[in-house]
Amino acid sequence: MEKNVTDCLERGFEMLQDRRQLLGKPPTITEQDRQRIAMQLELAAEPWSAVHQSLIEYPEVIQALDDLWPQVIPYLIKGNEVSPIHHIPYVVQFMARIGLAEVTPLELKRGVLAALMHDIGIGDCALPKISEASIQRAEPAEKERLRRDGIASRREHMKLGVEIGRKLLSDYRRQHPQFLSDEDLEVILEIIGSHDFSKIPLMEDHVDRKWLLRSDRQDWLKQCHWEADALWMLTPAGIQVDLEREREENTPENRRAKFMFNLGLHRQIINLYAEAYSPAEMQEFGFRDGLLYRSATGYSLAKRLKQQSIPENTQDNTK
Ligand SMILES: [Fe+2]
Ligand SMILES: [Fe+2]
């Protein structure tokens, strides 16, 4: 895998240059850019090794991830100013952990491939990514515009992700027809194309059920993927990215505060669900501890990450 990763770096830098040109920014790739990418790839090593360990009984899935990762990297380099490269192996890692316990092997394969590709469209977005946090903090006059743009850019990265994902996965399917079926492809693309729908109500001022998952088995794999994607925000690596983005110092207090803020978002979205669904329906969903986690594995991973960031002797003010 290592050699392929090096080979695909230059392709990624070319794509990043194209992006900058398109956005009217100085396109030159600087030493600082190269260092940032190298650092993000280094930070990807740990979750990748966890993925390899978790999926040891599924060598053909590991093989597919290893084959496709170098093809995904250029797109992630193109989008790395919006979302860091190592976000992806973290989501794959969590999807593998959750999937092993919560879904069938067929769904596990689909889930990890969706995780690998879910944000592949970010680098092609013309619209800037706007976080839920910045919308919530904005002045009322600015809020409306941010909200509109935030939703549009979320939708754009999912739509573009489906286009790129379809191309890469169809090529892979042609080479490995036994491994991927048409249905696999459609399920994976469906996850890529809708994975951030659940975040949209956090940006809107009302809750529309059309963005929310259903409580039945049909949406269970999407739910597991959502949990895997959300867990990233609770990892030390994800928190560090947030602190850097907001130019906050990386101190233990700031890390704790950021963790609590992000966990708060995972609670807030469920409060929104409760506006759209009856208590009986909420019961059916079975959100654990009022957080977005419904799977036992996703919830226990969230708890473990909390333990890491907020040791038990400090006050619990999550509720
Ligand atoms: Fe996304
Ligand atoms: Fe993501």
# chains A, B, ... in the order shown; residues from 1 in each chain; ligands from 1
>>> select_by_dssp(residues="region 70-203 of chain A", states="helix (DSSP H, G or I)", output="PyMOL selection string")
chain A and resi 70-78+87-102+105-117+122-124+132-137+140-175+182-194+197-203
>>> closest_atom_pairs(of="chain A", to="ligand 1", cutoff="7 Å", atoms="only C-alpha atoms and all ligand atoms", output="JSON lines")
{"residue": "A:His118", "atom": "CA", "partner": "ligand 1", "partner_atom_place_in_ligand_line": "1 (Fe)", "distance": 6.2}
{"residue": "A:Asp119", "atom": "CA", "partner": "ligand 1", "partner_atom_place_in_ligand_line": "1 (Fe)", "distance": 4.8}
{"residue": "A:Arg154", "atom": "CA", "partner": "ligand 1", "partner_atom_place_in_ligand_line": "1 (Fe)", "distance": 6.9}
{"residue": "A:His157", "atom": "CA", "partner": "ligand 1", "partner_atom_place_in_ligand_line": "1 (Fe)", "distance": 6.9}
{"residue": "A:Met158", "atom": "CA", "partner": "ligand 1", "partner_atom_place_in_ligand_line": "1 (Fe)", "distance": 6.8}
{"residue": "A:His195", "atom": "CA", "partner": "ligand 1", "partner_atom_place_in_ligand_line": "1 (Fe)", "distance": 6.4}
{"residue": "A:Asp196", "atom": "CA", "partner": "ligand 1", "partner_atom_place_in_ligand_line": "1 (Fe)", "distance": 5.5}
>>> write_last_selection(atoms="N, CA and C atoms", output="CSV table (one decimal), in the first residue's frame")
chain,number,residue,atom,x,y,z
A,118,HIS,N,-17.4,8.2,1.7
A,118,HIS,CA,-18.5,9.1,2.0
A,118,HIS,C,-18.3,10.6,1.8
A,119,ASP,N,-17.0,11.0,2.0
A,119,ASP,CA,-16.8,12.5,1.9
A,119,ASP,C,-15.9,12.7,0.6
A,154,ARG,N,-23.7,20.9,2.0
A,154,ARG,CA,-23.8,19.5,2.5
A,154,ARG,C,-24.4,18.7,1.3
A,157,HIS,N,-21.8,18.1,-1.5
A,157,HIS,CA,-20.7,17.1,-1.4
A,157,HIS,C,-21.2,15.7,-1.4
A,158,MET,N,-22.5,15.5,-1.1
A,158,MET,CA,-23.1,14.2,-1.1
A,158,MET,C,-23.3,13.8,-2.6
A,195,HIS,N,-25.6,10.6,3.6
A,195,HIS,CA,-25.0,10.4,4.9
A,195,HIS,C,-25.1,11.6,5.8
A,196,ASP,N,-25.3,12.8,5.3
A,196,ASP,CA,-25.4,14.0,6.1
A,196,ASP,C,-26.8,14.5,6.3
>>> closest_atom_pairs(of="chain A", to="ligand 2", cutoff="8 Å", atoms="only C-alpha atoms and all ligand atoms", output="JSON lines")
{"residue": "A:His87", "atom": "CA", "partner": "ligand 2", "partner_atom_place_in_ligand_line": "1 (Fe)", "distance": 6.7}
{"residue": "A:Ile88", "atom": "CA", "partner": "ligand 2", "partner_atom_place_in_ligand_line": "1 (Fe)", "distance": 6.9}
{"residue": "A:Val91", "atom": "CA", "partner": "ligand 2", "partner_atom_place_in_ligand_line": "1 (Fe)", "distance": 7.1}
{"residue": "A:Ala115", "atom": "CA", "partner": "ligand 2", "partner_atom_place_in_ligand_line": "1 (Fe)", "distance": 7.8}
{"residue": "A:His118", "atom": "CA", "partner": "ligand 2", "partner_atom_place_in_ligand_line": "1 (Fe)", "distance": 6.4}
{"residue": "A:Asp119", "atom": "CA", "partner": "ligand 2", "partner_atom_place_in_ligand_line": "1 (Fe)", "distance": 5.5}
{"residue": "A:Asp229", "atom": "CA", "partner": "ligand 2", "partner_atom_place_in_ligand_line": "1 (Fe)", "distance": 5.2}
{"residue": "A:Ala230", "atom": "CA", "partner": "ligand 2", "partner_atom_place_in_ligand_line": "1 (Fe)", "distance": 7.6}
>>> residues_around(residues="region 9-26 of chain A", least_positions_apart="3", cutoff="8 Å", atoms="only C-alpha atoms", output="PyMOL selection string")
chain A and resi 5-6+29+73-79+123-124+126
>>> write_last_selection(atoms="C-alpha atoms", output="PDB file, in the first residue's frame")
ATOM      1  CA  VAL A   5       0.147   6.073  -1.533  1.00  0.00           C
ATOM      2  CA  THR A   6       3.291   7.908  -2.625  1.00  0.00           C
ATOM      3  CA  ILE A  29       1.569  23.820  -3.675  1.00  0.00           C
ATOM      4  CA  ILE A  73      -6.466   9.859  -1.485  1.00  0.00           C
ATOM      5  CA  PRO A  74      -6.152  12.336  -4.401  1.00  0.00           C
ATOM      6  CA  TYR A  75      -9.765  13.426  -3.835  1.00  0.00           C
ATOM      7  CA  LEU A  76      -9.085  13.807  -0.124  1.00  0.00           C
ATOM      8  CA  ILE A  77      -5.977  15.882  -0.822  1.00  0.00           C
ATOM      9  CA  LYS A  78      -8.130  18.055  -3.050  1.00  0.00           C
ATOM     10  CA  GLY A  79     -10.587  18.495  -0.183  1.00  0.00           C
ATOM     11  CA  GLY A 123     -12.894  18.659  -2.759  1.00  0.00           C
ATOM     12  CA  ASP A 124     -15.118  19.249  -5.757  1.00  0.00           C
ATOM     13  CA  ALA A 126     -17.752  25.023  -5.081  1.00  0.00           C
TER      14      ALA A 126
END
>>> closest_residue(among="A:Glu46, A:Asp66, A:Glu156, A:Glu57", to="Ile192 (chain A)", atoms="only C-alpha atoms")
A:Glu156
>>> residues_around(residues="Lys167 (chain A)", least_positions_apart="2", cutoff="12 Å", atoms="only C-alpha atoms", output="MDAnalysis selection string")
chainID A and resid 68 71:72 117 120 160:165 169:174 185 189
>>> write_last_selection(atoms="N, CA and C atoms", output="PDB file, in the first residue's frame")
ATOM      1  N   LEU A  68      -8.563   0.442  -2.886  1.00  0.00           N
ATOM      2  CA  LEU A  68      -9.290   1.681  -3.210  1.00  0.00           C
ATOM      3  C   LEU A  68      -8.719   2.916  -2.507  1.00  0.00           C
ATOM      4  N   GLN A  71      -6.755   5.305  -4.459  1.00  0.00           N
ATOM      5  CA  GLN A  71      -7.570   6.018  -5.457  1.00  0.00           C
ATOM      6  C   GLN A  71      -8.404   7.120  -4.812  1.00  0.00           C
ATOM      7  N   VAL A  72      -8.687   6.933  -3.525  1.00  0.00           N
ATOM      8  CA  VAL A  72      -9.490   7.928  -2.795  1.00  0.00           C
ATOM      9  C   VAL A  72      -8.607   9.114  -2.370  1.00  0.00           C
ATOM     10  N   MET A 117     -15.662   6.121   1.176  1.00  0.00           N
ATOM     11  CA  MET A 117     -15.940   7.064   0.083  1.00  0.00           C
ATOM     12  C   MET A 117     -16.884   8.196   0.483  1.00  0.00           C
ATOM     13  N   ILE A 120     -15.887  11.822  -0.295  1.00  0.00           N
ATOM     14  CA  ILE A 120     -14.984  11.942  -1.450  1.00  0.00           C
ATOM     15  C   ILE A 120     -15.340  13.143  -2.342  1.00  0.00           C
ATOM     16  N   LEU A 160     -21.914  15.062  -5.341  1.00  0.00           N
ATOM     17  CA  LEU A 160     -20.659  14.862  -6.069  1.00  0.00           C
ATOM     18  C   LEU A 160     -19.983  13.568  -5.614  1.00  0.00           C
ATOM     19  N   GLY A 161     -20.140  13.245  -4.347  1.00  0.00           N
ATOM     20  CA  GLY A 161     -19.571  12.007  -3.815  1.00  0.00           C
ATOM     21  C   GLY A 161     -20.153  10.786  -4.508  1.00  0.00           C
ATOM     22  N   VAL A 162     -21.441  10.838  -4.791  1.00  0.00           N
ATOM     23  CA  VAL A 162     -22.085   9.706  -5.476  1.00  0.00           C
ATOM     24  C   VAL A 162     -21.492   9.557  -6.877  1.00  0.00           C
ATOM     25  N   GLU A 163     -21.277  10.676  -7.555  1.00  0.00           N
ATOM     26  CA  GLU A 163     -20.728  10.609  -8.922  1.00  0.00           C
ATOM     27  C   GLU A 163     -19.329   9.984  -8.925  1.00  0.00           C
ATOM     28  N   ILE A 164     -18.480  10.479  -8.028  1.00  0.00           N
ATOM     29  CA  ILE A 164     -17.097   9.957  -7.981  1.00  0.00           C
ATOM     30  C   ILE A 164     -17.112   8.502  -7.493  1.00  0.00           C
ATOM     31  N   GLY A 165     -17.893   8.248  -6.452  1.00  0.00           N
ATOM     32  CA  GLY A 165     -17.978   6.901  -5.886  1.00  0.00           C
ATOM     33  C   GLY A 165     -18.457   5.899  -6.934  1.00  0.00           C
ATOM     34  N   LEU A 169     -16.157   2.751  -7.873  1.00  0.00           N
ATOM     35  CA  LEU A 169     -16.685   1.436  -7.498  1.00  0.00           C
ATOM     36  C   LEU A 169     -17.062   0.608  -8.725  1.00  0.00           C
ATOM     37  N   SER A 170     -17.536   1.274  -9.775  1.00  0.00           N
ATOM     38  CA  SER A 170     -17.868   0.521 -10.994  1.00  0.00           C
ATOM     39  C   SER A 170     -16.601  -0.061 -11.604  1.00  0.00           C
ATOM     40  N   ASP A 171     -15.526   0.728 -11.610  1.00  0.00           N
ATOM     41  CA  ASP A 171     -14.246   0.210 -12.112  1.00  0.00           C
ATOM     42  C   ASP A 171     -13.814  -0.995 -11.278  1.00  0.00           C
ATOM     43  N   TYR A 172     -13.940  -0.859  -9.963  1.00  0.00           N
ATOM     44  CA  TYR A 172     -13.518  -1.944  -9.075  1.00  0.00           C
ATOM     45  C   TYR A 172     -14.388  -3.189  -9.309  1.00  0.00           C
ATOM     46  N   ARG A 173     -15.650  -2.935  -9.518  1.00  0.00           N
ATOM     47  CA  ARG A 173     -16.579  -4.046  -9.755  1.00  0.00           C
ATOM     48  C   ARG A 173     -16.220  -4.792 -11.050  1.00  0.00           C
ATOM     49  N   ARG A 174     -15.822  -4.041 -12.064  1.00  0.00           N
ATOM     50  CA  ARG A 174     -15.430  -4.692 -13.318  1.00  0.00           C
ATOM     51  C   ARG A 174     -14.230  -5.620 -13.100  1.00  0.00           C
ATOM     52  N   LEU A 185     -23.350  -1.913  -4.873  1.00  0.00           N
ATOM     53  CA  LEU A 185     -23.012  -0.587  -5.375  1.00  0.00           C
ATOM     54  C   LEU A 185     -24.120   0.412  -5.050  1.00  0.00           C
ATOM     55  N   LEU A 189     -23.789   3.675  -2.621  1.00  0.00           N
ATOM     56  CA  LEU A 189     -24.022   5.023  -3.161  1.00  0.00           C
ATOM     57  C   LEU A 189     -25.178   5.718  -2.449  1.00  0.00           C
TER      58      LEU A 189
END
>>> residues_around(residues="region 278-290 of chain A", least_positions_apart="5", cutoff="9 Å", atoms="only C-alpha atoms", output="list of chain:residue names")
A:Arg214, A:Ser215, A:Asp216, A:His266, A:Arg267, A:Gln268, A:Ile270, A:Asn271, A:Tyr273, A:Ser295, A:Ala296, A:Tyr299, A:Lys319
>>> closest_atom_pairs(of="region 92-189 of chain A", to="region 203-206 of chain A", cutoff="10 Å", atoms="only C-alpha atoms", output="CSV")
residue,atom,partner,partner_atom,distance
A:Ile130,CA,A:Met203,CA,9.6
A:Ser131,CA,A:Met203,CA,8.7
A:Glu132,CA,A:Met203,CA,6.0
A:Ala133,CA,A:Met203,CA,9.1
A:Ser134,CA,A:Met203,CA,9.8
A:Ile135,CA,A:Met203,CA,6.8
A:Gln136,CA,A:Met203,CA,7.8
A:Lys143,CA,A:Met203,CA,9.3
A:Glu144,CA,A:Glu204,CA,9.0
A:Leu146,CA,A:Met203,CA,8.6
A:Arg147,CA,A:Met203,CA,5.5
A:Arg148,CA,A:Met203,CA,8.3
A:Asp149,CA,A:Met203,CA,9.9
A:Gly150,CA,A:Met203,CA,7.3
A:Ile151,CA,A:Met203,CA,7.0
>>> closest_residue(among="A:Asn80, A:Glu102, A:Asp67, A:Ala45", to="Asp33 (chain A)", atoms="only C-alpha atoms")
A:Asn80
>>> residues_around(residues="His86 (chain A)", least_positions_apart="3", cutoff="7 Å", atoms="only C-alpha atoms", output="list in words")
Gln40, Leu41, Leu43, Ala44, Pro89 and Tyr90 of chain A
>>> write_last_selection(atoms="N, CA and C atoms", output="tab-separated table (two decimals), in the first residue's frame")
chain	number	residue	atom	x	y	z
A	40	GLN	N	-1.19	14.45	7.87
A	40	GLN	CA	-2.52	13.82	7.88
A	40	GLN	C	-2.42	12.34	7.49
A	41	LEU	N	-1.53	12.04	6.55
A	41	LEU	CA	-1.35	10.63	6.16
A	41	LEU	C	-0.72	9.83	7.30
A	43	LEU	N	-1.19	10.50	10.42
A	43	LEU	CA	-2.26	10.32	11.41
A	43	LEU	C	-3.28	9.27	10.95
A	44	ALA	N	-3.23	8.94	9.66
A	44	ALA	CA	-4.15	7.92	9.13
A	44	ALA	C	-3.66	6.51	9.47
A	89	PRO	N	-10.11	7.18	7.45
A	89	PRO	CA	-9.84	5.89	8.12
A	89	PRO	C	-10.45	5.80	9.51
A	90	TYR	N	-10.63	6.94	10.19
A	90	TYR	CA	-11.32	6.87	11.49
A	90	TYR	C	-12.76	6.39	11.31
>>> closest_residue(among="A:Leu272, A:Thr297, A:His176, A:Leu234", to="Leu100 (chain A)", atoms="only C-alpha atoms")
A:Thr297
